[in-house]
Amino acid sequence: MSIVQNITRPKKNEEVAGFPLQESEVVELSGSQAVLQAFLAEDVEVIFGYPGGAIMPIYDALYDYRDQLNHILVRHEQGAIHAAQGFARASGKTGVVFATSGPGATNLVTGLADAMIDSTPVVCITGQVYAHLLGTDAFQETDVINITTPVTKWNYQVTDATEIPAVLAKAFYIAGSGRPGPVLIDITKNAQLQKFNYEGYTKCNHIRSYRPSPIVRKKYIEEAAKLINAAQKPFVIFGQGVILGKAEKEFQKFIEKAGIPAAWTIMGMSAIATNHPLGVGMLGMHGNYGPNVLTNECDVLIAIGMRFDDRVTGRLDKYAKQAKVIHLDIDPSEIDKNVKTTVSVWGDCKETLPLLTELVEQKVYPQWLQKFNDYKKQEEETCIQPELHPTVDVLTMGEVINLLNELTGGDAIIVTDVGQHQMVACRYAKFNQSKSNITSGGLGTMGFALPAAIGAKFGVPKRTVIAVIGDGGFQMTLQEMGTIMQSDVDVKIIILNNQFLGMVRQWQELFHERRYSFTDIKSPDFVAVAKAYNISGQRISERENLKNVLIEMLDHKGPYLLEVMVGKENNVFPMVPQGCSVSEIRLK
Amino acid sequence: MSKQEYTITVYTENQIGLLNRIAIIFSRRKINVDSLNTSPTEVESVHRFTIVINETEDVVRKLCRQIEKQVDVLKAFYNTEDEIVWQEMALYKVPTDEIAEKVKVERLLREYGARAVTIRKDYTIFETTGHREETDRLVEFLEPYGLIEFVRSARVAVIKASSGFHEKLKQYEHAAPGDELIENEFLDKQDEVFTM
């Protein structure tokens, strides 16, 4: 076995935590140092974390690694994990989190659940009490492994430092491979302190019980191609799988050769440019009119890297019943989970799409595509026009997003929170590049956007990152403005303030006879709060100045908060009411 | 598709916490586990779970995929009763004097295949192995004689068509497995197994 060769070492003559590492030498390291060595070997750039008693040895070791590992001190562990998620989603790399035992670890749970359902690669390291105190209700002891089991792809408790290199290698491999997801490693304090003979770090690339992507069977690709080639009205629906598989180009080649209109789920958005001629819009409850209605008219439905979430399918027994369904997915448990497939193509779409492209005929479907455009026209008149170019005095959320498109040219990363503003932003934002739309899709975590935007900025420092947040969601994690202040994170924050918990209010208006039960939310002076954190900003409620103010925000060096007062009781349309079929989508 | 009894066989690594990972797949979906047994296998280091539930095949198939998705799970199979050979073991504690007076122990041993494990002055413990109906029948029989305690083990089952796990495991140990490793074995028979 090679010794030390695999250590990613610092620049020459530098010491690692006081231990000069030399070739072919077994060095004595502490468990804490081994954790940080693993991070160096895995090219970790930034750690989002918060110290505490049970993780102090790791933080103490980190003090010597400050030059090589950038640690961002957040204000709450939920902020740390959302930041790591934003980092992962923007950069395509694995996000890394430190938290202490007990409350530190339990504060990660929401983010873990979010990362689990949205398949985001995150590795969380939590401190734990000494091994001899496990199960004794010691100070800040919680059963973190069992609490996090349902919301992690894998988790493991380390009580012996010698396990650390192999366990961390496994953690990074599992988090980032196959269908990605969060991994949590709980390390007891004694293991962090324990000195052991460190023999280097070997990256993991195989676990016998874990098959990251299934074997591709040509037979099913041939069957899929046959169906596609015989189709009159084929329709592609795609999700985040295309982005996670880094298969954007392969995907584009496929739809362009086959000439098939393609609609994205909220998570798949930005995998192709939003103005792509074959891109017909967003699916789902607040998606576009055509893609929803025509799902129930197509003859072959080709689902790629998406999981038929109920927000996409509406009522399942009335979903695409007329169509033959082809499902491409890396996760076998997704096949036939919600929608019965005619042909299922198991595998990584980076692998399967080129094989499929090869077999499909070059085609165009002008009449079929025209149908999407016809529906788009109706949607344009009833929903889009009044949202983007309103004739009433009060501002709409849509016009803010529309102006942003104009000013950023679709190059910015837009991070949204959850609610009406999220749906509006995802409906109207324009994107030119992949990994530009970052939102909490599956879990719908309010408070996600601000910390996720911080992480996204660290993931892709050169890109403009704009967090679009509602007045409700912002108040859930606004403490992360402290992180922005301390680490000088250049994120632009737009609060679309309708003085309501808007999405719930919309449902109350439509389905609960306007009984606005506790959706009327009061907010502080956000601009003043931002100012207290040394973040510049202003509030605006008039249309006249909106564009100039947005320009001022984008040109501002450093973070900026813009609060836009928008119509109090505006609704997001179109909408597929819950329990209805996608073709029963309402325009008003 | 109607519910029926399925026996799920799961081959796993021997990991602490895996029992919980598998158990919550059932509890999250509010599915009751009728019987659960963990045991070693013919392969060293590989563990085996035998789980019995009453569900439709559609649900069982989805459950197996969720189980197999767990990192430390090697493979999950599900079988109906005719595809397996299974046994359960039961222990019965009865007062010795009652038994000695009123029942011919010999007959008991012969008819129910029961075996006396312990005979003491105050109580005797019998043991039988068999199917549910057989172990239940002995309970009924012993109840009038002051059955003190009864306990039945989880089911252990062997799949008739299985040729063991050695060969499969060899393939799992390679990064690129051979074709014999059936990963998408449900693909070919999805019409038979699926209803919405």
# chains A, B, ... in the order shown; residues from 1 in each chain; ligands from 1
call {"tool": "interface_residues", "arguments": {"of": "chain B", "to": "chain A", "cutoff": "7 Å", "atoms": "only C-alpha atoms", "output": "PyMOL selection string"}}
result
chain B and resi 21+62+65-66+71-74+172-173+175+183
call {"tool": "write_last_selection", "arguments": {"atoms": "C-alpha atoms", "output": "PDB file, in the first residue's frame"}}
result
ATOM      1  CA  ARG B  21     -32.355   2.506   7.418  1.00  0.00           C
ATOM      2  CA  LYS B  62     -41.087  -0.278  -5.077  1.00  0.00           C
ATOM      3  CA  ARG B  65     -35.937  -0.689  -5.035  1.00  0.00           C
ATOM      4  CA  GLN B  66     -35.898   1.749  -2.149  1.00  0.00           C
ATOM      5  CA  VAL B  71     -25.580   2.389   0.001  1.00  0.00           C
ATOM      6  CA  ASP B  72     -24.856  -0.603   2.236  1.00  0.00           C
ATOM      7  CA  VAL B  73     -27.411  -2.907   0.626  1.00  0.00           C
ATOM      8  CA  LEU B  74     -26.102  -5.375  -1.929  1.00  0.00           C
ATOM      9  CA  TYR B 172     -20.169  -6.622  -7.021  1.00  0.00           C
ATOM     10  CA  GLU B 173     -16.573  -6.507  -5.937  1.00  0.00           C
ATOM     11  CA  ALA B 175     -16.054  -1.852 -10.522  1.00  0.00           C
ATOM     12  CA  GLU B 183     -29.640  -5.109 -12.064  1.00  0.00           C
TER      13      GLU B 183
END
call {"tool": "residues_around", "arguments": {"residues": "Arg115 (chain B)", "least_positions_apart": "4", "cutoff": "6 Å", "atoms": "only C-alpha atoms", "output": "JSON, numbers by chain"}}
result
{"B": [109, 126, 127]}
call {"tool": "select_by_dssp", "arguments": {"residues": "region 70-283 of chain A", "states": "helix (DSSP H, G or I)", "output": "PyMOL selection string"}}
result
chain A and resi 77-91+103-106+109-117+131-133+144-151+161-176+189-193+218-230+241-244+248-258
call {"tool": "residues_around", "arguments": {"residues": "region 42-57 of chain B", "least_positions_apart": "2", "cutoff": "10 Å", "atoms": "only C-alpha atoms", "output": "ChimeraX atom specification"}}
result
/B:1-15,19,22-23,26,31-40,59-63,73-80,154-158,164-166,169,192-195
call {"tool": "residues_around", "arguments": {"residues": "region 84-94 of chain B", "least_positions_apart": "6", "cutoff": "7 Å", "atoms": "only C-alpha atoms", "output": "list in words"}}
result
Tyr123, Thr124, Ile125, Phe126, Glu127, Thr128, Thr129, Gly130, His131, Arg132, Thr135, Gly146, Leu147, Ile148, Glu149, Phe150, Val151, Arg152, Ser153, Ala154, Arg155, Val156, Ala157, Val158, Ile159 and Lys160 of chain B
call {"tool": "closest_residue", "arguments": {"among": "A:Ser177, A:Gln192, A:Thr295, A:Thr148", "to": "Lys233 (chain A)", "atoms": "only C-alpha atoms"}}
result
A:Thr295
call {"tool": "atom_distance", "arguments": {"atom1": "CA of Met553 (chain A)", "atom2": "CA of Phe448 (chain A)"}}
result
21.5 Å
call {"tool": "select_by_dssp", "arguments": {"residues": "region 519-574 of chain A", "states": "strand (DSSP E)", "output": "ChimeraX atom specification"}}
result
/A:536-540,560-565
call {"tool": "closest_residue", "arguments": {"among": "A:Gln140, A:Thr100, A:Asn373, A:Asn548", "to": "Pro57 (chain A)", "atoms": "only C-alpha atoms"}}
result
A:Thr100
call {"tool": "closest_residue", "arguments": {"among": "A:Gly558, A:Pro121, A:Gly455, A:Gly410", "to": "Ala175 (chain A)", "atoms": "only C-alpha atoms"}}
result
A:Pro121
call {"tool": "atom_distance", "arguments": {"atom1": "CA of Asn405 (chain A)", "atom2": "CA of Ala429 (chain A)"}}
result
6.3 Å
call {"tool": "residues_around", "arguments": {"residues": "region 513-524 of chain A", "least_positions_apart": "4", "cutoff": "10 Å", "atoms": "only C-alpha atoms", "output": "PyMOL selection string"}}
result
chain A and resi 471-472+474-475+497-509+528-529+568
call {"tool": "write_last_selection", "arguments": {"atoms": "C-alpha atoms", "output": "PDB file, in the first residue's frame"}}
result
ATOM      1  CA  ASP A 471     -40.777  39.204   2.811  1.00  0.00           C
ATOM      2  CA  GLY A 472     -41.710  36.031   4.695  1.00  0.00           C
ATOM      3  CA  PHE A 474     -36.254  36.584   4.212  1.00  0.00           C
ATOM      4  CA  GLN A 475     -37.198  36.784   7.869  1.00  0.00           C
ATOM      5  CA  ASN A 497     -42.463  42.496  -0.516  1.00  0.00           C
ATOM      6  CA  ASN A 498     -46.211  41.985  -0.841  1.00  0.00           C
ATOM      7  CA  GLN A 499     -46.760  42.211   2.908  1.00  0.00           C
ATOM      8  CA  PHE A 500     -48.315  38.768   2.896  1.00  0.00           C
ATOM      9  CA  LEU A 501     -47.254  35.144   2.986  1.00  0.00           C
ATOM     10  CA  GLY A 502     -48.353  35.381  -0.595  1.00  0.00           C
ATOM     11  CA  MET A 503     -48.655  31.822  -1.809  1.00  0.00           C
ATOM     12  CA  VAL A 504     -50.650  30.685   1.194  1.00  0.00           C
ATOM     13  CA  ARG A 505     -52.773  33.823   0.875  1.00  0.00           C
ATOM     14  CA  GLN A 506     -53.403  33.001  -2.798  1.00  0.00           C
ATOM     15  CA  TRP A 507     -54.668  29.537  -1.817  1.00  0.00           C
ATOM     16  CA  GLN A 508     -56.777  31.069   0.925  1.00  0.00           C
ATOM     17  CA  GLU A 509     -58.286  33.435  -1.640  1.00  0.00           C
ATOM     18  CA  ALA A 528     -32.482  49.638   8.046  1.00  0.00           C
ATOM     19  CA  VAL A 529     -31.733  46.077   9.147  1.00  0.00           C
ATOM     20  CA  LYS A 568     -50.429  43.012  -2.003  1.00  0.00           C
TER      21      LYS A 568
END
call {"tool": "closest_residue", "arguments": {"among": "A:Gly245, A:Gly284, A:Gly49, A:Gly279", "to": "Glu584 (chain A)", "atoms": "only C-alpha atoms"}}
result
A:Gly284
